[in-house]
Amino acid sequence: MKMNKSSRVLRMAAGLLSITIASQFLLPQSIIEASNSLKEVKAASSNTVSSSTGKYVQDGKRTSPIQYTIDLKLDEKQMKLSGTQSVLFRNTTKDELSEVVFHTFADSYRSVDTQTSMFQTRNKEIAKEHSDKKPEDFLGGIDIKQVTDKSGDGKLSFENTNQSLSVKLGKTLKPGEEIVIELDYSVDLPFGMQRLAYYKDLISAAHFYPVLAMYDEAKHDWSRLPYSTTLETDYFESSDYKVSLNVPENYKVSMPGQLQETVASGGRKVVTATADKTREFVFFASPNYKVKSKRVNGVNIEMYYFGNSKEKDAVAERYIDQAAKAIDFFGKKFGAYPYQDFRIQETYVEGVAIEYTRVIQMGQISERQSVEDDSVFIHEVAHQWFHAIIGNDSETEGFLDEGLTNFATSYFYEEQKDEMQGFNGMRMASAPSEKPIASPNDEAGQDAHGLYYERGRLAVYELYRQVGQQMFDRIMQEYYNRYALGNASITGWLQTIGDIAGKDIQEHMRKALYEPNFDISDKYKLTPEEEQRLMGLMMKSTYDQIFNGNSNMPQEVFARIYHRAYNGEPVTIVLSDGASKKAMEQQKQLAEQIQTMMQMGGADVKIVKERSLVKKQMEKELSKSHIIAIGSPSSNPIIQALKPGIQKGSKAIQLDWNKVVRLKDTSGAYMVKHPYHKDRMLMHIYWTAEQVNAKAWPSMMQTMMQTSNFSSDFYQWFQMNGQGKVIAEKFVVNPISKFFE
């Protein structure tokens, strides 16, 4: 899982911007041939791949010790699923088992407190938009009605508490023995923005069924953890599934595996999926889904999306092509994609994208989507290798899937020669953490993203640089060969490194993951010059995303002048003259702050202080430049010179300029079109007293910076009183600003 690109990149840029506001600114390589390993991995990528946890092979094919047969019917009026589920379970442990435990993660929706926190905020917003919905409509859960041993012992006693279903077996299940357990249940789907929910015309169904928990032979017990409210609790065995879903005939249903449809009575149909060696099963259903598909190198790639425009169709086709490119790349680098299907879902989630086996869930996609730059999409595709194909315990070793996946994403873009999203962009990371990268979730806490995603991929990058590309690829291919369709651990990954690259490299990586304050070696870091150049690329990319995705926004908004500056257009800051010493200090402080922020993005910003220079440059330089005027309207030479045009431009943004500049002891800012150039802007940061008083000045500085960057709403003007309180303002809502609250 990962935040979507706008959320992730903008948060990173916002963090660097906040740092700037506060502080005036953010072994020899061994070459080993990998051809033999590649041949081995190609063989392992077929149905002969064996798991590290229970190596069941019959007639040259691996058979899963867990097989699900699920038959459910959707009641689309009550938003309820109901039916039966049979599970064939073979005891692959060395213990005799008297009970079997299932996770019932659907029960995480019984209470707001147990729902995933990333969606709680969004649900609060949805509740405001849907006043007809009651608080209980946002809740759901699973009702287990009966559990039966179909192998012969009849009804079984069970207890479903705290998202854990414990089933007492009628007799002890010895190692190697099998049992078929049938469960009758119903699931109430909550309304809202969740992994399991219905919203608008879409049903999203992850964790809708009881899934067998993992058994710990060392503890002689089953995992009974509830689903994490902050991260992910995805630790399962690859299993075989046959799932049949009865839905209205106009619904399009996406599930992993091979899909078949049969007609049912009453204007309904049954969609059946056969999905072997699948780690977890999900489905998405909507009467308004449109589907594009393409078969590439034996994989049927499909995209389910909303919209009926040619532009959206083209975006869907580009996503399919990009998925094919990524699947091919990761297949060659790590090990072949072992499935014949891959599906991409457009949904209504905001701020995140989520991976499942053979299926990924994206947020809403625009007709102007920059598909090739969507690194979050590539991240979710990479998760097919480091989550779906090679599983791990995400509660205790989150680095193993997120760190490897994040590195794989950068690796893909490095091969595409994308500097910002390749290795150079990856090295623009935050400072080292006092916590080890390999910290479990409960110890990582709020630092999990920085540890697993950012520092984690840097640790993998250091390994890549130490051993070289060929040996690194060989390590990852051998890792795939050992653990594909099974579950791995950090210990297993380190052992693979040691077996291929030697014990010294293995020990170095062990320290990188398990000791605090990991940082890559100085020789692998960016130079100050590289960092500055990349910072410019990042700032430009950030503002490009904002304004390309909001083409209907008014021209006269503060953030736009930064966007234009980062795209190489000239900007000149003009200060008032003849002002008091205090006012001159305030002007200088504001001007230097703005100049520094723009220089972060590589913009060339000039500051003009002398009235004579303003007059000299008026017809040439200043008529072609964006202008940021600072200071009193009566003493700023550019404001006085362009006053009639500014008054006219103020009307377009509903600002009574003459009234505003006469208000006693006020300050503020506004943006109008440049009177002499239709494609340039003029921003005026003003005060009507001699200077801004000491009480209002800190608030003035902070408000000016906040309203000018991409993390706020899009401001056209604001007014502030002598106490530093905003008394009037005009802005356009920025749809991504909520991600920075």
# chains A, B, ... in the order shown; residues from 1 in each chain; ligands from 1
$ residues_around --residues "A:Met538" --least-positions-apart "2" --cutoff "8 Å" --atoms "only C-alpha atoms" --output "list of chain:residue names"
A:Ala13, A:Met420, A:Leu534, A:Met535, A:Gly536, A:Lys540, A:Ser541, A:Thr542, A:Gly601
$ select_by_dssp --residues "stretch 318-467 of chain A" --states "helix (DSSP H, G or I)" --output "VMD selection string"
chain A and resid 318 to 333 371 to 373 375 to 382 384 to 389 398 to 415 423 to 426 441 to 467
$ closest_residue --among "A:Gly176, A:Gly335, A:Gly722, A:Gly631" --to "A:Met683" --atoms "only C-alpha atoms"
A:Gly631
$ closest_residue --among "A:Asp393, A:Asp328, A:Glu729, A:Glu619" --to "A:Phe236" --atoms "only C-alpha atoms"
A:Asp393
$ residues_around --residues "A:Asp201" --least-positions-apart "6" --cutoff "12 Å" --atoms "only C-alpha atoms" --output "ChimeraX atom specification"
/A:76,79,191-192,250-252,284-289,305-306,347-348
$ atom_distance --atom1 "atom CA of A:Val167" --atom2 "atom CA of A:Asn91"
14.6 Å
$ decode --residues "stretch 184-205 of chain A" --atoms "N, CA, C and O atoms" --output "compact mmCIF listing (two decimals), in the first residue's frame"
# COMPACT_ATOMS: atom_id res chain seq x y z
N ASP A 184 -21.30 -21.01 7.47
CA ASP A 184 -22.44 -20.23 6.99
C ASP A 184 -22.34 -18.84 7.64
O ASP A 184 -22.20 -18.75 8.87
N TYR A 185 -22.41 -17.79 6.84
CA TYR A 185 -22.28 -16.45 7.43
C TYR A 185 -22.92 -15.39 6.54
O TYR A 185 -23.26 -15.64 5.37
N SER A 186 -23.06 -14.22 7.11
CA SER A 186 -23.49 -13.05 6.35
C SER A 186 -22.61 -11.88 6.74
O SER A 186 -22.06 -11.84 7.85
N VAL A 187 -22.46 -10.95 5.83
CA VAL A 187 -21.59 -9.79 6.04
C VAL A 187 -22.39 -8.52 5.77
O VAL A 187 -22.96 -8.36 4.68
N ASP A 188 -22.44 -7.64 6.73
CA ASP A 188 -23.04 -6.32 6.55
C ASP A 188 -21.95 -5.37 6.04
O ASP A 188 -20.93 -5.17 6.70
N LEU A 189 -22.20 -4.79 4.86
CA LEU A 189 -21.22 -3.87 4.27
C LEU A 189 -21.43 -2.47 4.81
O LEU A 189 -22.55 -1.94 4.75
N PRO A 190 -20.40 -1.83 5.35
CA PRO A 190 -20.55 -0.46 5.83
C PRO A 190 -20.57 0.53 4.67
O PRO A 190 -20.02 0.25 3.60
N PHE A 191 -21.19 1.66 4.90
CA PHE A 191 -21.15 2.76 3.93
C PHE A 191 -19.88 3.55 4.20
O PHE A 191 -19.48 3.74 5.35
N GLY A 192 -19.25 4.03 3.16
CA GLY A 192 -18.10 4.90 3.38
C GLY A 192 -16.89 4.52 2.57
O GLY A 192 -16.96 3.79 1.59
N MET A 193 -15.76 5.05 3.03
CA MET A 193 -14.51 4.89 2.31
C MET A 193 -13.63 3.92 3.08
O MET A 193 -12.89 4.30 3.99
N GLN A 194 -13.74 2.64 2.76
CA GLN A 194 -13.00 1.59 3.45
C GLN A 194 -12.56 0.54 2.45
O GLN A 194 -12.97 0.54 1.30
N ARG A 195 -11.73 -0.38 2.92
CA ARG A 195 -11.39 -1.54 2.09
C ARG A 195 -12.64 -2.41 1.85
O ARG A 195 -12.80 -3.00 0.80
N LEU A 196 -13.47 -2.50 2.87
CA LEU A 196 -14.74 -3.24 2.78
C LEU A 196 -15.85 -2.22 2.97
O LEU A 196 -16.09 -1.75 4.09
N ALA A 197 -16.54 -1.86 1.88
CA ALA A 197 -17.55 -0.80 1.99
C ALA A 197 -18.32 -0.68 0.68
O ALA A 197 -17.92 -1.22 -0.36
N TYR A 198 -19.42 0.07 0.74
CA TYR A 198 -20.09 0.49 -0.48
C TYR A 198 -20.15 2.01 -0.46
O TYR A 198 -20.32 2.64 0.59
N TYR A 199 -19.96 2.61 -1.63
CA TYR A 199 -19.97 4.06 -1.73
C TYR A 199 -20.33 4.43 -3.17
O TYR A 199 -19.76 3.89 -4.11
N LYS A 200 -21.29 5.32 -3.30
CA LYS A 200 -21.82 5.68 -4.61
C LYS A 200 -22.25 4.41 -5.33
O LYS A 200 -23.10 3.68 -4.84
N ASP A 201 -21.64 4.11 -6.48
CA ASP A 201 -22.06 2.95 -7.27
C ASP A 201 -21.08 1.79 -7.17
O ASP A 201 -21.09 0.89 -8.02
N LEU A 202 -20.24 1.78 -6.15
CA LEU A 202 -19.16 0.79 -6.07
C LEU A 202 -19.19 0.02 -4.75
O LEU A 202 -19.37 0.60 -3.68
N ILE A 203 -18.99 -1.29 -4.87
CA ILE A 203 -18.77 -2.13 -3.69
C ILE A 203 -17.32 -2.58 -3.70
O ILE A 203 -16.85 -3.16 -4.69
N SER A 204 -16.61 -2.30 -2.63
CA SER A 204 -15.23 -2.76 -2.46
C SER A 204 -15.24 -3.84 -1.39
O SER A 204 -15.79 -3.63 -0.31
N ALA A 205 -14.65 -4.97 -1.67
CA ALA A 205 -14.73 -6.09 -0.73
C ALA A 205 -13.38 -6.75 -0.53
O ALA A 205 -12.99 -7.67 -1.25
